[in-house]
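Enquirer: Below is one structure. I have some questions about it.
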Amino acid sequence: MAQHGDVAVRTDRCKGCGLCASFCPKQVLAVDPGKLSERGFPLCQVIQPDACIGCGFCYSVCPDLAISLTVEKDR
Ligand code: SF4
Ligand code: SF4
C-alpha cells in the first residue's frame, strides 16, 4: 500500500542533534547550522517534503518529541 507522510519539526523543541536526519531513509530532513531556534539551537529543516514515505523513523528517534508526523495512505 502506498503511503505518504507529512512531516514537520517543532522549532520550540528541536535542538538540532540531527538524529532524525541520520535515520531518515529518504533524506527528507537536514540540520541547518545557519538557522537557529529561539533557544539558540541549529534547526532541523524539512528539505524534501514530497519524498517522505511516513516510515516514522524520525518520529521514533527524536529525543525531544520535536517531530510531528501525519501518515496518509493510498496517495
Ligand atoms: S517519516 Fe520516514 S521518510 Fe518521512 S521524514 Fe521521517 S524518517 Fe524520513
Ligand atoms: S532528532 Fe529531534 S531534536 Fe534532533 S534534530 Fe531531529 S527534530 Fe531536532
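Labels for the C-alpha cells follow display order: chains A, B, ..., residues from 1 in each chain, ligands from 1.
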Could you pull the residues within 12 Å of Gly16 (chain A), counting only C-alpha atoms, minus those fewer than 5 positions along the same chain, as a PyMOL selection string?
Expert: chain A and resi 9-11+21-22+29-37+39-45+62-64+66-67
Enquirer: Just list the residues in region 2-68 of chain A DSSP gives strand (DSSP E or B) on the backbone, as a list in words.
Expert: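 DSSP-assigned strand (DSSP E or B) residues in region 2-68 of chain A: Gln3, His4, Gly5, Asp6, Val7, Ala8, Val9, Leu29, Ala30, Val31, Asp32, Pro33, Gly34, Lys35, Leu36, Pro42, Leu43, Cys44, Gln45, Val46, Ile67 and Ser68 of chain A.
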Enquirer: Please produce a file of those selected residues containing N, CA and C atoms, as a short mmCIF file (atom, residue, chain, number, x, y, z; two decimals), in the first residue's frame.
Expert:
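Wrote part.cif, looks like this:
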```
data_model
loop_
_atom_site.label_atom_id
_atom_site.label_comp_id
_atom_site.auth_asym_id
_atom_site.auth_seq_id
_atom_site.Cartn_x
_atom_site.Cartn_y
_atom_site.Cartn_z
N GLN A 3 1.97 5.00 0.67
CA GLN A 3 1.66 5.99 1.69
C GLN A 3 2.64 7.15 1.60
N HIS A 4 2.19 8.25 2.12
CA HIS A 4 2.98 9.47 2.11
C HIS A 4 2.91 10.07 3.51
N GLY A 5 4.00 10.70 3.93
CA GLY A 5 4.00 11.34 5.24
C GLY A 5 4.10 12.85 5.13
N ASP A 6 3.38 13.51 6.01
CA ASP A 6 3.54 14.96 6.18
C ASP A 6 4.32 15.16 7.46
N VAL A 7 5.56 15.58 7.33
CA VAL A 7 6.43 15.71 8.49
C VAL A 7 6.72 17.18 8.75
N ALA A 8 6.79 17.53 10.03
CA ALA A 8 7.12 18.90 10.42
C ALA A 8 7.98 18.85 11.67
N VAL A 9 8.79 19.87 11.83
CA VAL A 9 9.66 19.96 13.01
C VAL A 9 9.17 21.09 13.90
N LEU A 29 15.07 15.22 5.78
CA LEU A 29 15.40 16.16 6.86
C LEU A 29 16.89 16.51 6.84
N ALA A 30 17.21 17.73 7.24
CA ALA A 30 18.61 18.14 7.36
C ALA A 30 18.70 19.25 8.39
N VAL A 31 19.78 19.22 9.17
CA VAL A 31 20.01 20.29 10.14
C VAL A 31 20.72 21.44 9.43
N ASP A 32 20.19 22.63 9.63
CA ASP A 32 20.76 23.83 9.01
C ASP A 32 21.47 24.64 10.09
N PRO A 33 22.81 24.59 10.12
CA PRO A 33 23.54 25.30 11.18
C PRO A 33 23.39 26.81 11.08
N GLY A 34 22.91 27.28 9.96
CA GLY A 34 22.74 28.72 9.79
C GLY A 34 21.40 29.24 10.25
N LYS A 35 20.55 28.32 10.69
CA LYS A 35 19.21 28.74 11.11
C LYS A 35 19.01 28.33 12.56
N LEU A 36 18.94 29.30 13.46
CA LEU A 36 18.86 28.99 14.88
C LEU A 36 17.45 29.17 15.42
N PRO A 42 20.74 25.03 16.37
CA PRO A 42 20.52 24.87 14.94
C PRO A 42 19.24 24.06 14.73
N LEU A 43 18.53 24.39 13.69
CA LEU A 43 17.22 23.76 13.49
C LEU A 43 17.25 22.72 12.38
N CYS A 44 16.51 21.68 12.61
CA CYS A 44 16.30 20.69 11.57
C CYS A 44 15.22 21.21 10.61
N GLN A 45 15.48 21.06 9.32
CA GLN A 45 14.56 21.54 8.29
C GLN A 45 14.01 20.37 7.50
N VAL A 46 12.80 20.55 7.02
CA VAL A 46 12.22 19.59 6.07
C VAL A 46 12.62 20.07 4.68
N ILE A 67 9.19 16.06 16.44
CA ILE A 67 8.68 15.71 15.11
C ILE A 67 7.17 15.52 15.15
N SER A 68 6.50 16.19 14.23
CA SER A 68 5.08 15.94 14.01
C SER A 68 4.97 15.17 12.70
#
```
Enquirer: Mind checking DSSP for chain A and telling me the helix (DSSP H, G or I) residues as an mmCIF file with C-alpha atoms, in the first residue's frame?
Expert:
```cif
data_model
loop_
_atom_site.group_PDB
_atom_site.id
_atom_site.type_symbol
_atom_site.label_atom_id
_atom_site.label_comp_id
_atom_site.auth_asym_id
_atom_site.auth_seq_id
_atom_site.Cartn_x
_atom_site.Cartn_y
_atom_site.Cartn_z
ATOM 1 C CA LEU A 19 19.327 12.069 14.783
ATOM 2 C CA CYS A 20 16.141 12.294 12.745
ATOM 3 C CA ALA A 21 18.047 13.259 9.611
ATOM 4 C CA SER A 22 20.552 10.445 10.026
ATOM 5 C CA PHE A 23 17.808 7.832 10.369
ATOM 6 C CA PRO A 49 8.758 17.085 1.936
ATOM 7 C CA ASP A 50 7.497 15.212 -1.118
ATOM 8 C CA ALA A 51 9.972 12.370 -0.529
ATOM 9 C CA PHE A 57 11.851 6.616 11.981
ATOM 10 C CA CYS A 58 12.362 10.335 12.589
ATOM 11 C CA TYR A 59 9.450 10.451 14.992
ATOM 12 C CA SER A 60 10.737 7.408 16.881
ATOM 13 C CA VAL A 61 14.319 8.559 17.326
#
```
Enquirer: Report the distance between atom 7 (S, counted along the ligand's line) of ligand 2 and CA of Asp74 (chain A) in Å, rounded to one decimal place.
Expert: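 Straight-line distance from atom 7 (S, counted along the ligand's line) of ligand 2 to CA of Asp74 (chain A) works out to 26.1 Å.
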Enquirer: Nearest residue to Asp12 (chain A) out of A:Gln48, A:Thr70, A:Leu65, A:Gly56, using only C-alpha atoms?
Expert: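 Comparing A:Gln48, A:Thr70, A:Leu65, A:Gly56 against Asp12 (chain A), the winner is A:Leu65.
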Enquirer: Could you check the closest approach to ligand 1 for each of A:Ile47, A:Leu69, A:Cys14, A:Cys24 and tell me which residue wins, using only C-alpha atoms and all ligand atoms?
Expert: A:Cys24
Enquirer: Between CA of Gly54 (chain A) and CA of Cys17 (chain A), what is the distance in Å, rounded to a tenth?
Expert: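 These two atoms are separated by 20.5 Å.
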Enquirer: What is the atom 2 (Fe, counted along the ligand's line) of ligand 1-CA of Glu38 (chain A) distance in Å, reported with one decimal?
Expert: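 So the two atoms, atom 2 (Fe, counted along the ligand's line) of ligand 1 and CA of Glu38 (chain A), lie 25.9 Å apart.
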Enquirer: If we count only C-alpha atoms, what is near Ala2 (chain A) at a cut-off of 12 Å, once residues fewer than 3 positions away on the same chain are taken out, given as a list in words?
Expert: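 My reading of the contact set: Gly5, Cys52, Ile53, Gly54, Cys55, Val71, Glu72, Lys73, Asp74 and Arg75 of chain A.
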